[in-house]
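Participant: Next up is a structure, given as structure tokens.
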Amino acid sequence: MMGDHTGVEEPAYLPAEPNHQGQPAHAAEQMARQLKGETAAVRELLLALSVGFTLPGPLPAALQRRIDGGEVDSLDVLVQRAESAGLLTAEGTVVGPAQHALLTVAPTAKVHALQRELVSAYAAAGQPLGEVARELARGGLADTRVALELEHAANKALDHDPGLAYQLYGEALLAGADEIATAARRAQAAAGDGDLDTATRIIDTLLVEEDPPDVRRGADVAAAVWAQRGMLARGADIYSWLGASRVGQSAPLAAVALLGCGNRAGAEALFRADAPPASPTLLATTLAQTGKGLLESLAADPHQGLPLLIHASDMLNAAGTALPMPETPAALAALVAMHSGEPHLAETVCRSAAAAGQGGNAAKPRLFLLQAWSAMMQDKLEDARLAINEASKTNHWPLVPRDEFLCSALEVGLARRNGDVPELLKAWERAREAMLHTSVDLYSLLPWGELMIAAARIRETRRVVHYFDEANRLLGRLGDPPLWAVPFHWAAVQAAMLSESPSDLAPHAAALARAANHSHLAAVLATAGKAWVSVLANRFSPAEVEAAARSLGRVGMPWEGARLAGHAAAKADDRRDMVRLLSCARDLHPQGSSNGGGAPGSVDSGTGPAETGNGMHPDGTGLSEREKEVARLVLEGKTYREIGEAIYISPRTAEHHIARMRRRLGAENRSDLLARLRVALNSENPPLE
């Protein structure tokens, strides 16, 4: 019996039968399937509620007429019967199994008719469908009103939540939206969420049209995707194809792409730096400032470029929109800051932009990686490692080719600065593969420079020489702009010194000297280059070397300065000069004094203060902390000279340390010494049992 309080006898329900999946049907599902006869009106009410009608609220016209005409029981009685049968909750929603059964059994045409009537009811009340629109679309209803509402919702979400926007556009297509008319926005949503493959497929369907709708947006998305794939020149081709007549407010973005691949004339044809913004909006002003700042960075006196780009980054942070861009203003500002010798500014700009969500999730990994590069330049290697970790877990997609290349170059740079040859070789292999998936552009000169130095260090220059030549040609096409060219020439000078190739060094040293008239950084690097050459030739002035090293520290290159001073100290004949230069190295690179991977240490040729009276270290290994550092480097196979360079002591002092360890440990020969050193160092960290 159902609903004793109604006094109406209900039909008995049969035992639950298996549903269409062969599983035991839920009791509510079985009841819903058997509603007929006297309970047919309950079924009609439950079907209407399953479709999306609500209580209280308007009902389907046919059911309402039957209730008003007395053909069926009142609405209250119908609701009570449904509740008593356990098919309707107290909140007026149909229980899940019953809803599923009703929608499955009812004819599709009837369900769609009820859904359209529901849409009409919302429209008559001037009420948006909201989540109901999504349910209707997923349920298979094709209705232009539903499609338009879903499109509108997707448009609102596009700038701040591209993942949601992509879902909404997909549901709009199910409801009958135009596939081509929405293509550019769907591609923007996919790219903003990090799905480059889907974005590319959608854009391809748009750009093959004779007169593509929303083509400027489509070009922006295509250029941004190509840039992330490490093929910026292909993005520049898109803007050249688009042309001045259609580029509109995307002209600054076209300039970013074209300048990035060395096409200055093309950029100036599409974007005039003195032109006012396309509209007075914050976003249009942001884009105009971006293009103008980038052009200023190419000038002989580029000092106006960085402020303009930082202003653009700040404005885009405030706008809170995630536009498709070849490079974000924050990334450009960070690159200009690092090329200017101000990595601390780059770090700040990237941190602020990442916190504000500039460029959306797709842009975050690059911002973190540029932050890591600026930290590495400042010799904050742990901070760099943390930023790399943030980049790798920012979203669920793997790093795009451009960012993978930058990340692999970072790994090479960190290994080189740590003096870890095995790790450097491992990082180099990752970088070698990443190189094959990207190409040279203006915004990748820093990682290419780092890889050029590392290649010289491990005698793999042949692997990068053609990339190096392409970078030179790129800079030449842009007129060898000092801001962008100087760090690259400095990297080439370092690589030439490592390769011991004066012929390769000369043109880049000359370029630094020429740029010194306009660039403070170039003047510092030119002086440092001369100091390095004098040290390598063993004809140097300690005072000049120290001045050059400290100048490197002041332009955001403390590790390079410490390396120069430490190398000179290892070659100094006078002990006072050696002490002076080592002190300079420690001032510039103070944080790593306890490890053997490139940190400065004490100038000590005798027993250290931590040793006991019998020459034994208090921990019982028989080695002082300094000797442990030397021992680790000996086990890595380093020479006296390499040990001296790694921990800022002279080769002679390194030799004294090794001789003293041999005596103390009672080693009879080198093989015996290596074995005893392994035992001594392993005793610091015994294996867990």
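FYI, nothing fancy with the structure tokens labels: chains A, B, ... in order, residues from 1 per chain, ligands from 1 as they appear.
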Skip stretch 146-148 of chain A itself and residues of its chain fewer than 6 positions away, then list as an MDAnalysis selection string all residues within 12 Å of it, counting only C-alpha atoms.

Facilitator: chainID A and resid 115:116 118:120 122:123 128:140 154:155 168:179 181:182

Participant: Applying 8 Å and only C-alpha atoms, which residues near A:Ala362 remain after dropping the ones on its own chain fewer than 2 positions away? List them as a PDB file with C-alpha atoms, in the first residue's frame.

Facilitator:
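Saved as part-v3.pdb:
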```pdb
ATOM      1  CA  ALA A 191      45.337  26.662 -26.059  1.00  0.00           C
ATOM      2  CA  GLY A 192      44.718  28.586 -22.834  1.00  0.00           C
ATOM      3  CA  ASP A 193      44.148  25.293 -21.051  1.00  0.00           C
ATOM      4  CA  GLY A 194      47.415  23.932 -22.469  1.00  0.00           C
ATOM      5  CA  GLY A 359      48.472  34.505 -19.447  1.00  0.00           C
ATOM      6  CA  GLY A 360      46.543  31.769 -17.617  1.00  0.00           C
ATOM      7  CA  LYS A 364      52.692  29.866 -15.809  1.00  0.00           C
ATOM      8  CA  PRO A 365      55.436  27.294 -16.483  1.00  0.00           C
ATOM      9  CA  ASN A 395      49.281  22.150 -14.805  1.00  0.00           C
TER      10      ASN A 395
END
```

Participant: Using DSSP secondary structure from the backbone, list all alpha helix (DSSP H) positions within stretch 135-233 of chain A, as a PyMOL selection string.

Facilitator: chain A and resi 135-138+144-158+162-174+183-192+196-207+215-228+232-233

Participant: List the spatial neighbours of A:Leu114 as a PDB file with N, CA and C atoms, in the first residue's frame - criterion: any atom at most 8 Å away, only C-alpha atoms, same-chain residues fewer than 3 positions off excluded.

Facilitator:
```pdb
ATOM      1  N   ALA A  48       8.533  15.334 -15.889  1.00  0.00           N
ATOM      2  CA  ALA A  48       8.743  16.778 -16.052  1.00  0.00           C
ATOM      3  C   ALA A  48       9.854  17.265 -15.124  1.00  0.00           C
ATOM      4  N   VAL A  51      13.233  16.229 -16.374  1.00  0.00           N
ATOM      5  CA  VAL A  51      13.691  17.026 -17.506  1.00  0.00           C
ATOM      6  C   VAL A  51      14.283  18.341 -17.048  1.00  0.00           C
ATOM      7  N   PRO A  60       4.645  21.542 -17.303  1.00  0.00           N
ATOM      8  CA  PRO A  60       4.280  21.420 -18.714  1.00  0.00           C
ATOM      9  C   PRO A  60       2.801  21.726 -18.916  1.00  0.00           C
ATOM     10  N   LYS A 110       9.324  12.859 -26.981  1.00  0.00           N
ATOM     11  CA  LYS A 110       8.569  13.444 -25.878  1.00  0.00           C
ATOM     12  C   LYS A 110       9.498  14.170 -24.913  1.00  0.00           C
ATOM     13  N   VAL A 111      10.653  13.549 -24.627  1.00  0.00           N
ATOM     14  CA  VAL A 111      11.611  14.185 -23.724  1.00  0.00           C
ATOM     15  C   VAL A 111      12.075  15.521 -24.308  1.00  0.00           C
ATOM     16  N   GLU A 117       9.890  22.963 -24.106  1.00  0.00           N
ATOM     17  CA  GLU A 117       8.882  23.691 -23.331  1.00  0.00           C
ATOM     18  C   GLU A 117       9.509  24.306 -22.084  1.00  0.00           C
ATOM     19  N   LEU A 118      10.457  23.583 -21.497  1.00  0.00           N
ATOM     20  CA  LEU A 118      11.166  24.111 -20.330  1.00  0.00           C
ATOM     21  C   LEU A 118      11.969  25.357 -20.709  1.00  0.00           C
TER      22      LEU A 118
END
```

Participant: Give me, as number ranges by chain, all polymer residues having an atom no more than 9 Å from A:Lys571, counting only C-alpha atoms and skipping those fewer than 6 positions away in the same chain.

Facilitator: A: 535-536, 538, 578, 650-651

Participant: Need to verify the contact set: A:Leu335, 12 Å, only C-alpha atoms, exclusion of same-chain residues closer than 6 positions in sequence. Can you return it as a VMD selection string?

Facilitator: chain A and resid 294 297 305 to 306 309 to 310 327 to 329 341 to 347 349 to 350 366 to 367 369 to 371 373 to 374 442 to 447 483 to 484 487

Participant: Taking into account only C-alpha atoms, which residue in the set A:Glu668, A:Glu296, A:Asp314, A:Asp143 is nearest to A:Val336?

Facilitator: A:Glu296
